[in-house]
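First comes the structure, then the notes that go with it.
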Amino acid sequence: MSRLLPLLVGLIVLALWETSVRLMQVPVFVLPPPSLIAEALMTDGPQLLDALLETLKLTVAAFAASFLGGLALAVLFVQSRLIERSLLPYAVVLQVTPIVAIAPLIVIWVGVDHVERAVFILATIVAFFPILSNASFGLRSVDPGLADLFRLYRATGWQRLWLLQLPSALPALLAGARISAGLALIGTVVAEFVAGSGEATGLAWRIVESANRLEIPRMFAALLLLSLTGLALNAVIVQIEHRLLRRWHSGHGEAA
Amino acid sequence: MLVLDGIAMRYPGGLAAIDRVDLRIEDGSFTSIVGPSGCGKSTLLRLIAGLASPSAGAITGRPDGAVGLVFQDATLMPWADVENNVYLPLRLARVSRAEAKPRIAEALALVGLSDFAQAYPRALSGGMRMRVAIARAIVTRPRLLLMDEPFAALDEITRNKLNDDLLRLWREQEITTIFVTHSVFESVYLSTDIAIMSPRPGRIMARHAVSGPAIRDADFRATQPYLDACRAVSRDLERAMAVAV
């Protein structure tokens, strides 16, 4: 029942939307009724899906890069406070700089002929920080008793990292991954907007194109696809989280 | 024989956690260190384990090989099942899993958990988790077992059961055991020797030897030697507290 509730809310909103737009005769270029959006989805679907696939490829690549890069940097930080103190301010600078502001630079450096490279870099910058900060926090949140045991049994640095710190960091790391996956998608779309030109093939460019041509139902259809993609990405990570943590973390179902 | 000679532990800033502790621990003995909270019992145990270095004094006669250590909390790895938790000390010593298997099985049998090798800590009761921690501590066949208030968080019935199991283990494996507790009754029931500590800074105030039958069980708690020892240890513990106040 509780699973059906969001669906029910959605249906009610759609029904209200459809009837009120028709009753008040709102122009289609302001707010199209859901029926028209569905129609656009049918006719422009294949083209939009192609664009979505391009966006999704870059999103996944950016997420993977930020996950590996963030984790690697966090491991480095945990090994040495000195490295952390020297590098962390720059990571923060990257995080607080709006990508819209640095997009032109990145495009000039790598994206003049390859827009997708600029988009990839920009999205990676956006998605990077949650992984870095959550992984650093997780790697440090080791049970002090277990840390003592590892010292007692003279564990090597690798053993401590592999058998103690990484497993301890897993819940925080996965929470970071969830935030980061969403940001990777947002980052990709925003970067496509600001870096995109005629040769951009992602979904953002289709939205810009639709807006320019006043094809508002098509624009809404693209937005819908984008939301569904975000939801799907989130669901995938939640599934992975559940599978990895159900045995030992509270709130992830019963132990096997 | 394990000898602590003039051990002191000061924190940076000069505050002394323990001061001039001299202690001799016979091989094969079961020694309890009894004292109020904050008297430095745990610090003393960490020093014996080699997890910290004393500010002064020396510890000699530590047996070769790994020392077994059990905390008040079971401190298991929640992401690993019982078998892998017990495997940890051997794994860190690079013992292969195939070689470790029979030793893990033996350790689990000694604590009565043979049927729970595949269980995860989350699915176990507090008493069972503590048994896993004990199995992990003895899987390396240590000659010295250090226990820091291991049963303090357990209910009395579970604690009594674990006390009996621990005594059996100590007798059969002949492991020199140092057991930190704040319970007079527990210390008398378990020990051959008792050291009483005073707080701030921690010092050994008195030693007691407990005479009792070789194999102790619940009946021991009704005998005169047990009651006499409890009374004597309680009296000394009160004196130790009075010194501190």
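Residue numbers start at 1 in each chain; chains themselves are named A, B, ... in the order of the structure tokens; ligands are numbered from 1 in the order shown.
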
At a cut-off of 9 Å, which residues of chain B touch chain A? Count only C-alpha atoms and give the answer as a ChimeraX atom specification. /B:49-51,66-69,71,73-81,88-90,92-93,119-123

Excluding same-chain residues fewer than 6 positions from A:Thr55, what lies within 7 Å of it counting only C-alpha atoms, as a VMD selection string? chain A and resid 188 202 to 203

So that I can check the surroundings of B:Gly126, please list as a PyMOL selection string every protein, DNA and RNA residue that reaches within 12 Å of it, counting only C-alpha atoms and ignoring chain neighbours fewer than 2 positions away. chain B and resi 72-76+121-124+128-133+150-155+158-159+162

Save out the residues we just selected, N, CA, C and O atoms, as a compact mmCIF listing (two decimals), in the first residue's frame.
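Written file, part-v3.txt:
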# COMPACT_ATOMS: atom_id res chain seq x y z
N GLN B 72 35.73 -5.12 27.13
CA GLN B 72 34.39 -5.13 27.72
C GLN B 72 33.34 -5.31 26.63
O GLN B 72 32.33 -5.97 26.81
N ASP B 73 33.61 -4.70 25.49
CA ASP B 73 32.75 -4.84 24.33
C ASP B 73 33.33 -5.95 23.46
O ASP B 73 34.55 -6.10 23.41
N ALA B 74 32.49 -6.73 22.81
CA ALA B 74 33.04 -7.86 22.03
C ALA B 74 33.92 -7.38 20.88
O ALA B 74 34.78 -8.12 20.43
N THR B 75 33.73 -6.12 20.41
CA THR B 75 34.47 -5.56 19.29
C THR B 75 34.70 -6.55 18.15
O THR B 75 35.83 -6.85 17.77
N LEU B 76 33.59 -7.03 17.62
CA LEU B 76 33.68 -7.90 16.44
C LEU B 76 33.55 -7.04 15.19
O LEU B 76 33.06 -5.92 15.25
N PRO B 121 27.55 -11.24 13.54
CA PRO B 121 27.47 -10.73 14.92
C PRO B 121 26.10 -10.16 15.27
O PRO B 121 25.60 -10.35 16.36
N ARG B 122 25.49 -9.46 14.30
CA ARG B 122 24.21 -8.82 14.53
C ARG B 122 23.14 -9.82 14.98
O ARG B 122 22.22 -9.46 15.72
N ALA B 123 23.27 -11.08 14.54
CA ALA B 123 22.25 -12.08 14.85
C ALA B 123 22.52 -12.76 16.19
O ALA B 123 21.73 -13.61 16.60
N LEU B 124 23.61 -12.41 16.87
CA LEU B 124 23.98 -13.11 18.11
C LEU B 124 23.61 -12.29 19.34
O LEU B 124 23.55 -11.06 19.29
N MET B 128 26.81 -14.47 23.41
CA MET B 128 27.43 -15.21 22.31
C MET B 128 28.50 -14.39 21.62
O MET B 128 29.55 -14.90 21.22
N ARG B 129 28.25 -13.09 21.50
CA ARG B 129 29.27 -12.23 20.90
C ARG B 129 30.55 -12.27 21.74
O ARG B 129 31.66 -12.30 21.21
N MET B 130 30.37 -12.27 23.07
CA MET B 130 31.54 -12.32 23.94
C MET B 130 32.28 -13.63 23.76
O MET B 130 33.51 -13.68 23.78
N ARG B 131 31.53 -14.72 23.55
CA ARG B 131 32.17 -16.01 23.29
C ARG B 131 33.00 -15.96 22.01
O ARG B 131 34.09 -16.53 21.94
N VAL B 132 32.47 -15.28 20.99
CA VAL B 132 33.23 -15.14 19.74
C VAL B 132 34.53 -14.39 20.02
O VAL B 132 35.61 -14.77 19.55
N ALA B 133 34.43 -13.32 20.83
CA ALA B 133 35.62 -12.53 21.15
C ALA B 133 36.66 -13.39 21.88
O ALA B 133 37.86 -13.27 21.64
N PRO B 150 35.37 -8.20 30.78
CA PRO B 150 34.70 -8.75 29.61
C PRO B 150 33.20 -9.00 29.81
O PRO B 150 32.44 -8.96 28.86
N PHE B 151 32.79 -9.27 31.06
CA PHE B 151 31.40 -9.68 31.25
C PHE B 151 30.56 -8.60 31.93
O PHE B 151 29.44 -8.84 32.34
N ALA B 152 31.14 -7.38 32.05
CA ALA B 152 30.47 -6.33 32.83
C ALA B 152 29.11 -5.95 32.24
O ALA B 152 28.21 -5.54 32.96
N ALA B 153 28.97 -6.08 30.92
CA ALA B 153 27.73 -5.62 30.29
C ALA B 153 26.70 -6.73 30.18
O ALA B 153 25.63 -6.52 29.61
N LEU B 154 27.01 -7.92 30.72
CA LEU B 154 26.09 -9.05 30.54
C LEU B 154 25.21 -9.25 31.77
O LEU B 154 25.57 -8.85 32.87
N ASP B 155 24.07 -9.88 31.59
CA ASP B 155 23.21 -10.16 32.73
C ASP B 155 23.84 -11.25 33.60
O ASP B 155 24.74 -11.97 33.16
N THR B 158 23.96 -15.06 32.41
CA THR B 158 24.94 -15.23 31.32
C THR B 158 26.36 -15.09 31.86
O THR B 158 27.26 -15.86 31.49
N ARG B 159 26.54 -14.13 32.76
CA ARG B 159 27.88 -13.90 33.30
C ARG B 159 28.37 -15.12 34.09
O ARG B 159 29.52 -15.54 33.93
N LEU B 162 29.37 -17.81 31.70
CA LEU B 162 30.64 -17.51 31.03
C LEU B 162 31.81 -17.62 32.00
O LEU B 162 32.91 -18.04 31.61

So which residues touch stretch 219-225 of chain A within 7 Å, counting only C-alpha atoms, skipping near sequence neighbours fewer than 3 positions away, as an MDAnalysis selection string? chainID A and resid 37 40:41 48 203 207 210:211 215:216 228:229

At what distance in Å, to one decimal, does atom CA of A:Ala123 lie from atom CA of A:Gly187?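 Separation between atom CA of A:Gly187 and atom CA of A:Ala123: 4.3 Å.
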